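**Student:** Next up, start_4.cif (mmCIF, C-alpha atoms).
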data_data
#
loop_
_atom_site.label_atom_id
_atom_site.label_comp_id
_atom_site.auth_asym_id
_atom_site.auth_seq_id
_atom_site.Cartn_x
_atom_site.Cartn_y
_atom_site.Cartn_z
CA GLN A 1091 13.77 -85.35 -23.86
CA HIS A 1092 10.09 -84.48 -24.15
CA SER A 1093 9.72 -86.78 -27.17
CA PHE A 1094 11.45 -89.54 -25.22
CA MET A 1095 8.92 -89.24 -22.37
CA VAL A 1096 5.96 -89.22 -24.76
CA TRP A 1097 6.93 -92.11 -27.06
CA ASN A 1098 8.79 -94.29 -24.55
CA PRO A 1099 6.80 -94.07 -21.28
CA ALA A 1100 8.30 -97.24 -19.76
CA GLY A 1101 11.85 -96.01 -20.23
CA ALA A 1102 10.85 -92.48 -19.21
CA LEU A 1103 9.64 -93.67 -15.79
CA LEU A 1104 13.09 -95.16 -15.10
CA SER A 1105 14.91 -91.99 -16.17
CA ASP A 1106 15.81 -89.19 -13.76
CA ALA A 1107 13.07 -87.00 -15.24
CA GLY A 1108 10.46 -89.75 -14.90
CA LYS A 1109 11.17 -90.95 -11.35
CA PRO A 1110 9.10 -88.17 -9.66
CA PHE A 1111 6.04 -89.43 -11.58
CA ILE A 1112 6.14 -92.96 -10.13
CA ILE A 1113 4.25 -92.15 -6.90
CA PRO A 1114 1.49 -90.07 -8.61
CA ILE A 1115 0.94 -92.80 -11.20
CA ALA A 1116 0.81 -95.41 -8.43
CA GLY A 1117 -1.75 -93.21 -6.66
CA LEU A 1118 -3.87 -92.99 -9.80
CA ILE A 1119 -3.83 -96.76 -10.29
CA ALA A 1120 -4.49 -97.51 -6.60
CA GLY A 1121 -7.30 -94.94 -6.43
CA ALA A 1122 -8.97 -96.31 -9.57
CA VAL A 1123 -8.84 -99.85 -8.14
CA MET A 1124 -10.12 -98.79 -4.70
CA MET A 1125 -13.08 -96.96 -6.24
CA GLN A 1126 -14.31 -100.30 -7.59
CA VAL A 1127 -14.67 -101.61 -4.02
CA PRO A 1128 -17.72 -100.04 -2.26
CA LYS A 1129 -16.18 -100.24 1.23
CA VAL A 1130 -13.16 -98.14 0.30
CA ALA A 1131 -14.66 -96.11 -2.57
CA THR A 1132 -14.49 -92.83 -0.62
CA THR A 1133 -10.87 -93.40 0.34
CA GLY A 1134 -10.19 -94.34 -3.28
CA LYS A 1135 -11.48 -90.96 -4.43
CA LEU A 1136 -9.02 -89.23 -2.08
CA VAL A 1137 -6.14 -91.39 -3.31
CA LEU A 1138 -7.15 -90.73 -6.93
CA TYR A 1139 -7.30 -86.98 -6.25
CA PHE A 1140 -3.88 -87.12 -4.59
CA GLY A 1141 -2.41 -88.95 -7.58
CA ALA A 1142 -3.99 -86.61 -10.16
CA GLN A 1143 -3.07 -83.42 -8.28
CA SER A 1144 0.49 -84.56 -7.65
CA PHE A 1145 0.94 -85.69 -11.26
CA MET A 1146 -0.27 -82.35 -12.68
CA ASN A 1147 1.89 -80.30 -10.30
CA ILE A 1148 5.01 -82.38 -10.98
CA TYR A 1149 4.42 -82.33 -14.75
CA MET A 1150 3.86 -78.57 -14.84
CA GLY A 1151 6.94 -78.07 -12.66
CA TRP A 1152 8.93 -80.21 -15.11
CA VAL A 1153 7.66 -78.21 -18.10
CA MET A 1154 8.22 -74.84 -16.45
CA ARG A 1155 11.59 -75.46 -14.79
CA THR A 1156 13.50 -78.62 -15.65
CA SER A 1157 12.64 -79.66 -19.22
CA VAL A 1158 15.46 -78.91 -21.67
CA THR A 1159 14.20 -76.23 -24.06
CA VAL A 1160 17.46 -75.57 -25.92
CA PRO A 1161 20.28 -78.14 -25.52
CA LYS A 1162 23.87 -77.07 -25.00
CA GLY A 1163 25.96 -76.92 -28.14
CA THR A 1164 23.22 -75.13 -30.07
CA GLU A 1165 24.54 -72.31 -32.24
CA LEU A 1166 22.99 -68.96 -31.34
CA PRO A 1167 22.10 -66.25 -33.91
CA ASN A 1168 25.30 -64.36 -33.04
CA GLY A 1169 27.42 -67.40 -33.94
CA THR A 1170 28.38 -68.50 -30.40
CA LEU A 1171 27.65 -71.96 -29.04
CA LEU A 1172 25.43 -72.47 -26.02
CA GLU A 1173 27.59 -73.83 -23.19
CA VAL A 1174 24.79 -75.05 -20.89
CA ASP A 1175 21.28 -76.38 -21.40
CA LEU A 1176 18.47 -73.82 -21.29
CA THR A 1177 15.71 -75.34 -19.20
CA GLY A 1178 12.09 -74.44 -18.57
CA CYS A 1179 9.30 -72.93 -20.58
CA PRO A 1180 8.27 -69.63 -18.93
CA ALA A 1181 4.88 -69.42 -20.62
CA GLY A 1182 2.48 -70.12 -17.77
CA PHE A 1183 -0.36 -67.94 -19.07
CA ALA A 1184 -0.07 -69.13 -22.69
CA LEU A 1185 0.03 -72.75 -21.54
CA THR A 1186 -3.04 -72.22 -19.35
CA ALA A 1187 -4.89 -70.66 -22.29
CA MET A 1188 -4.11 -73.72 -24.42
CA GLN A 1189 -5.27 -76.01 -21.61
CA GLN A 1190 -8.57 -74.16 -21.31
CA VAL A 1191 -9.18 -74.22 -25.08
CA ILE A 1192 -8.42 -77.94 -25.29
CA SER A 1193 -10.68 -78.64 -22.29
CA PHE A 1194 -13.50 -76.68 -23.92
CA VAL A 1195 -13.10 -78.58 -27.21
CA VAL A 1196 -13.13 -81.91 -25.36
CA PHE A 1197 -16.27 -80.84 -23.47
CA CYS A 1198 -17.98 -79.85 -26.72
CA ILE A 1199 -17.15 -83.26 -28.21
CA PHE A 1200 -18.53 -84.99 -25.11
CA PHE A 1201 -21.65 -82.79 -25.13
CA ALA A 1202 -22.36 -83.57 -28.79
CA SER A 1203 -21.65 -87.31 -28.44
CA VAL A 1204 -24.16 -87.84 -25.60
CA TYR A 1205 -26.77 -85.31 -26.77
CA PHE A 1206 -29.06 -87.94 -28.34
CA THR A 1207 -28.49 -90.59 -25.66
CA PRO A 1208 -30.09 -91.18 -22.23
CA TYR A 1209 -26.93 -89.65 -20.72
CA LYS A 1210 -27.62 -86.24 -22.28
CA TYR A 1211 -26.07 -83.39 -20.31
CA THR A 1212 -28.25 -80.32 -19.88
CA PRO A 1213 -26.55 -77.21 -18.46
CA LYS A 1214 -28.50 -75.15 -15.97
CA LYS A 1215 -30.21 -72.20 -17.60
CA LEU A 1216 -29.09 -68.85 -16.22
CA GLU A 1217 -32.18 -66.87 -15.26
CA THR A 1218 -30.80 -63.51 -14.16
CA TRP A 1219 -27.97 -61.21 -15.13
CA PHE A 1220 -26.49 -61.73 -11.66
CA GLU A 1221 -26.17 -65.45 -12.37
CA VAL A 1222 -24.46 -64.66 -15.68
CA PHE A 1223 -22.13 -62.24 -13.89
CA SER A 1224 -21.37 -64.84 -11.20
CA VAL A 1225 -20.51 -67.51 -13.78
CA VAL A 1226 -18.23 -65.10 -15.67
CA VAL A 1227 -16.46 -64.03 -12.47
CA PHE A 1228 -16.09 -67.64 -11.34
CA GLY A 1229 -14.67 -68.64 -14.73
CA CYS A 1230 -12.15 -65.79 -14.70
CA VAL A 1231 -11.05 -66.52 -11.12
CA PHE A 1232 -10.79 -70.25 -11.87
CA ALA A 1233 -8.63 -69.65 -14.96
CA LEU A 1234 -6.50 -67.07 -13.13
CA ASN A 1235 -5.94 -69.51 -10.27
CA ILE A 1236 -4.60 -72.15 -12.68
CA ALA A 1237 -2.57 -69.60 -14.65
CA LEU A 1238 -0.87 -68.14 -11.57
CA ASN A 1239 -0.18 -71.63 -10.23
CA ASN A 1240 1.46 -72.63 -13.54
CA PHE A 1241 3.35 -69.34 -13.66
CA SER A 1242 4.67 -69.79 -10.11
CA LEU A 1243 6.02 -73.27 -10.90
CA GLY A 1244 8.57 -71.61 -13.17
CA TYR A 1245 10.11 -69.70 -10.26
CA ILE A 1246 9.54 -71.73 -7.07
CA SER A 1247 9.86 -75.40 -6.22
CA ILE A 1248 6.87 -77.73 -6.06
CA ALA A 1249 7.37 -78.07 -2.28
CA VAL A 1250 7.01 -74.31 -1.72
CA ASN A 1251 4.08 -74.21 -4.14
CA LEU A 1252 2.22 -76.92 -2.19
CA ILE A 1253 2.99 -75.24 1.14
CA ILE A 1254 1.36 -72.04 -0.14
CA ARG A 1255 -1.63 -73.93 -1.53
CA SER A 1256 -2.10 -75.74 1.79
CA CYS A 1257 -3.09 -72.36 3.26
CA LEU A 1258 -6.13 -72.12 0.94
CA PRO A 1259 -8.71 -73.85 3.21
CA LEU A 1260 -7.94 -71.53 6.14
CA SER A 1261 -7.78 -68.38 4.02
CA THR A 1262 -11.04 -69.37 2.28
CA PHE A 1263 -12.76 -69.85 5.64
CA LEU A 1264 -11.53 -66.47 6.89
CA SER A 1265 -12.71 -64.81 3.65
CA GLN A 1266 -16.16 -66.36 4.02
CA GLN A 1267 -16.45 -65.16 7.61
CA ALA A 1268 -15.34 -61.65 6.62
CA LEU A 1269 -17.92 -61.50 3.80
CA ALA A 1270 -20.60 -62.78 6.20
CA LEU A 1271 -20.00 -59.78 8.46
CA VAL A 1272 -21.18 -57.47 5.65
CA ASN A 1273 -24.03 -59.78 4.57
CA LEU A 1274 -22.34 -60.84 1.32
CA TYR A 1275 -22.11 -64.53 2.23
CA PRO A 1276 -24.08 -66.89 4.50
CA PHE A 1277 -22.56 -67.12 7.95
CA LYS A 1278 -20.90 -70.46 8.68
CA PRO A 1279 -20.64 -71.82 12.24
CA CYS A 1280 -17.14 -72.07 13.66
CA ARG A 1281 -16.34 -75.71 14.39
CA TRP A 1282 -13.10 -75.91 16.34
CA LYS A 1283 -12.23 -79.36 15.01
CA GLU A 1284 -12.39 -78.09 11.43
CA ILE A 1285 -10.40 -74.96 12.28
CA THR A 1286 -7.81 -77.02 14.15
CA LEU A 1287 -7.37 -79.37 11.17
CA MET A 1288 -6.98 -76.38 8.81
CA VAL A 1289 -4.37 -74.80 11.09
CA ILE A 1290 -2.49 -78.12 11.34
CA GLY A 1291 -2.54 -78.33 7.53
CA VAL A 1292 -0.96 -74.87 7.29
CA VAL A 1293 1.65 -75.64 9.96
#
Starting from the file, give its structure as structure tokens.

**Tutor:**
Amino acid sequence: QHSFMVWNPAGALLSDAGKPFIIPIAGLIAGAVMMQVPKVATTGKLVLYFGAQSFMNIYMGWVMRTSVTVPKGTELPNGTLLEVDLTGCPAGFALTAMQQVISFVVFCIFFASVYFTPYKYTPKKLETWFEVFSVVVFGCVFALNIALNNFSLGYISIAVNLIIRSCLPLSTFLSQQALALVNLYPFKPCRWKEITLMVIGVV
């Protein structure tokens, strides 16, 4: 089934496994087109983000829960035949590690390819050990966030996953305000419109 989706994308979109990907792909195409028009470029970025985020969540949910790993009828080591399909790939952390390694390799290729061009990318030099520590902590938290999200998709539905993630803006704001009370983060003014929108998003 996985090979079918990779080598026959047109047919895969019309299959039961491919139908959930139609809206995200439409969002990606619409967002890319809208970004070419200056008047709706900002809206296009939001549509593109929606399409990309939805596509990644649906794909990871398919890999973790619904993709057929071992088809029924397969003979097991003890000689019995598998009566039902085994679905899902419960390897959220291993999959995240592979994603991070591939992303790093792609970045290195990009960095080397533009190094001698006017588009050369120059990373910011870290001046203090605190900056190094902050980057390391941020990298670990970022990777852990993706890993736990992928891991959770193997046990809960995408709808529940997105409901939980919709609480992030409000919980982030509350964390910032709590850290500001002990002088560990700059204090942010409380704008009721922003708080109301965050609460509505959670509800």

**Student:** Mind checking which residues fall within 9 Å of A:Phe1111, counting only C-alpha atoms, ignoring those fewer than 5 positions away in the same chain, and posting them as a VMD selection string?

**Tutor:** chain A and resid 1103 1116 1144 to 1145 1148 to 1149

**Student:** With distances taken over all atoms listed in the file, which of A:Thr1262, A:Ser1203, A:Ser1242, A:Thr1286 is nearest to A:Gly1182?

**Tutor:**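 Residue with the minimum atom-to-atom distance to A:Gly1182: A:Ser1242.
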
**Student:** What would the selection look like, as a list of chain:residue names, if the PyMOL selection byres ((chain A and resi 1173) around 6) were run on the coordinates I just shared?

**Tutor:**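 After applying the PyMOL selection byres ((chain A and resi 1173) around 6), what remains is A:Lys1162, A:Leu1172, A:Val1174.
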
**Student:** Using only C-alpha atoms, can you tell me which of A:Ile1285, A:Leu1243, A:Leu1258, A:Val1196 comes closest to A:Trp1152?

**Tutor:** A:Leu1243

**Student:** In Å, with one decimal, what is the gap from atom CA of A:Lys1135 to atom CA of A:Pro1259?

**Tutor:**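 Straight-line distance from atom CA of A:Lys1135 to atom CA of A:Pro1259 works out to 18.9 Å.
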
**Student:** Starting from the shown file, work through the PyMOL selection byres ((chain A and resi 1132-1134) around 10) and note down what comes out as a list of chain:residue names.

**Tutor:**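 With the PyMOL selection byres ((chain A and resi 1132-1134) around 10) on this model, the match is A:Gly1117, A:Leu1118, A:Ile1119, A:Ala1120, A:Gly1121, A:Ala1122, A:Val1123, A:Met1124, A:Met1125, A:Gln1126, A:Val1127, A:Pro1128, A:Lys1129, A:Val1130, A:Ala1131, A:Lys1135, A:Leu1136, A:Val1137, A:Leu1138, A:Tyr1139, A:Phe1140.
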
**Student:** I'd like the interatomic distance between atom CA of A:Lys1210 and atom CA of A:Cys1198, to a tenth of an Å.

**Tutor:** 12.4 Å

**Student:** Just to confirm, what's the straight-line distance from atom CA of A:Thr1177 to atom CA of A:Thr1159 in Å (one decimal)?

**Tutor:** 5.2 Å

**Student:** Could you tell me which of A:Val1231, A:Val1160, A:Leu1238, A:Leu1171 comes closest to A:Arg1255 if we count all atoms listed in the file?

**Tutor:**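 Checking each candidate against A:Arg1255, we get A:Leu1238 as the closest.
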
**Student:** Fewer than 5 positions away in the same chain doesn't count, so skip those; otherwise give me all residues within 8 Å of A:Val1158, counting only C-alpha atoms, as a list in words.

**Tutor:**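 The residues satisfying every condition are Gln1091, Asp1175, Leu1176, Thr1177 and Gly1178 of chain A.
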
**Student:** How big is the axis-aligned box around the listed atoms of stretch 1147-1158 of chain A once 4 Å is added on each side, and where is its centre? Give both in Å to one decimal, as lines of an AutoDock Vina configuration file.

**Tutor:**
center_x = 8.7
center_y = -78.6
center_z = -16.0
size_x = 21.6
size_y = 15.5
size_z = 19.4

**Student:** Ranking A:Gly1163, A:Phe1263, A:Tyr1245, A:Asn1240 by minimum distance to A:Tyr1275 and counting only C-alpha atoms, which one comes first?

**Tutor:**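 Using only C-alpha atoms, A:Tyr1275 sits closest to A:Phe1263.
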
**Student:** Can you take the partial stretch 1251-1273 of chain A, add N, CA, C and O atoms, and return it as a CSV table (one decimal), in the frame of the given file?

**Tutor:**
chain,number,residue,atom,x,y,z
A,1251,ASN,N,5.4,-74.4,-3.5
A,1251,ASN,CA,4.1,-74.2,-4.1
A,1251,ASN,C,3.0,-74.9,-3.3
A,1251,ASN,O,1.9,-74.3,-3.1
A,1252,LEU,N,3.2,-76.2,-2.9
A,1252,LEU,CA,2.2,-76.9,-2.2
A,1252,LEU,C,2.0,-76.4,-0.8
A,1252,LEU,O,0.9,-76.4,-0.2
A,1253,ILE,N,3.1,-75.9,-0.2
A,1253,ILE,CA,3.0,-75.2,1.1
A,1253,ILE,C,2.1,-74.0,1.1
A,1253,ILE,O,1.2,-73.8,1.9
A,1254,ILE,N,2.2,-73.2,0.0
A,1254,ILE,CA,1.4,-72.0,-0.1
A,1254,ILE,C,-0.1,-72.5,-0.4
A,1254,ILE,O,-1.0,-71.9,0.2
A,1255,ARG,N,-0.3,-73.5,-1.2
A,1255,ARG,CA,-1.6,-73.9,-1.5
A,1255,ARG,C,-2.3,-74.6,-0.3
A,1255,ARG,O,-3.5,-74.6,-0.3
A,1256,SER,N,-1.5,-75.1,0.6
A,1256,SER,CA,-2.1,-75.7,1.8
A,1256,SER,C,-2.8,-74.7,2.7
A,1256,SER,O,-3.6,-75.1,3.6
A,1257,CYS,N,-2.5,-73.4,2.5
A,1257,CYS,CA,-3.1,-72.4,3.3
A,1257,CYS,C,-4.5,-72.0,2.7
A,1257,CYS,O,-5.2,-71.2,3.4
A,1258,LEU,N,-4.9,-72.5,1.6
A,1258,LEU,CA,-6.1,-72.1,0.9
A,1258,LEU,C,-7.4,-72.4,1.8
A,1258,LEU,O,-8.3,-71.6,1.9
A,1259,PRO,N,-7.5,-73.6,2.4
A,1259,PRO,CA,-8.7,-73.8,3.2
A,1259,PRO,C,-8.9,-72.8,4.3
A,1259,PRO,O,-10.0,-72.3,4.5
A,1260,LEU,N,-7.8,-72.5,5.0
A,1260,LEU,CA,-7.9,-71.5,6.1
A,1260,LEU,C,-8.2,-70.1,5.6
A,1260,LEU,O,-9.1,-69.4,6.2
A,1261,SER,N,-7.5,-69.7,4.6
A,1261,SER,CA,-7.8,-68.4,4.0
A,1261,SER,C,-9.2,-68.3,3.4
A,1261,SER,O,-9.8,-67.2,3.5
A,1262,THR,N,-9.7,-69.4,2.8
A,1262,THR,CA,-11.0,-69.4,2.3
A,1262,THR,C,-12.1,-69.2,3.4
A,1262,THR,O,-13.0,-68.5,3.3
A,1263,PHE,N,-11.9,-69.9,4.5
A,1263,PHE,CA,-12.8,-69.8,5.6
A,1263,PHE,C,-12.8,-68.4,6.2
A,1263,PHE,O,-13.9,-67.9,6.5
A,1264,LEU,N,-11.6,-67.8,6.4
A,1264,LEU,CA,-11.5,-66.5,6.9
A,1264,LEU,C,-12.2,-65.5,5.9
A,1264,LEU,O,-12.9,-64.5,6.4
A,1265,SER,N,-12.1,-65.7,4.6
A,1265,SER,CA,-12.7,-64.8,3.6
A,1265,SER,C,-14.2,-64.9,3.7
A,1265,SER,O,-15.0,-63.9,3.7
A,1266,GLN,N,-14.7,-66.2,3.9
A,1266,GLN,CA,-16.2,-66.4,4.0
A,1266,GLN,C,-16.7,-65.7,5.3
A,1266,GLN,O,-17.8,-65.0,5.2
A,1267,GLN,N,-16.0,-65.8,6.4
A,1267,GLN,CA,-16.4,-65.2,7.6
A,1267,GLN,C,-16.4,-63.6,7.5
A,1267,GLN,O,-17.3,-63.0,8.0
A,1268,ALA,N,-15.4,-63.1,6.8
A,1268,ALA,CA,-15.3,-61.6,6.6
A,1268,ALA,C,-16.5,-61.2,5.7
A,1268,ALA,O,-17.1,-60.1,6.0
A,1269,LEU,N,-16.8,-61.9,4.7
A,1269,LEU,CA,-17.9,-61.5,3.8
A,1269,LEU,C,-19.3,-61.6,4.5
A,1269,LEU,O,-20.2,-60.9,4.3
A,1270,ALA,N,-19.4,-62.6,5.4
A,1270,ALA,CA,-20.6,-62.8,6.2
A,1270,ALA,C,-20.9,-61.6,7.1
A,1270,ALA,O,-22.0,-61.3,7.4
A,1271,LEU,N,-19.8,-60.9,7.6
A,1271,LEU,CA,-20.0,-59.8,8.5
A,1271,LEU,C,-20.7,-58.6,7.8
A,1271,LEU,O,-21.3,-57.8,8.4
A,1272,VAL,N,-20.6,-58.6,6.4
A,1272,VAL,CA,-21.2,-57.5,5.6
A,1272,VAL,C,-22.3,-58.0,4.8
A,1272,VAL,O,-22.7,-57.4,3.8
A,1273,ASN,N,-22.8,-59.2,5.2
A,1273,ASN,CA,-24.0,-59.8,4.6
A,1273,ASN,C,-23.8,-60.1,3.1
A,1273,ASN,O,-24.8,-60.0,2.3
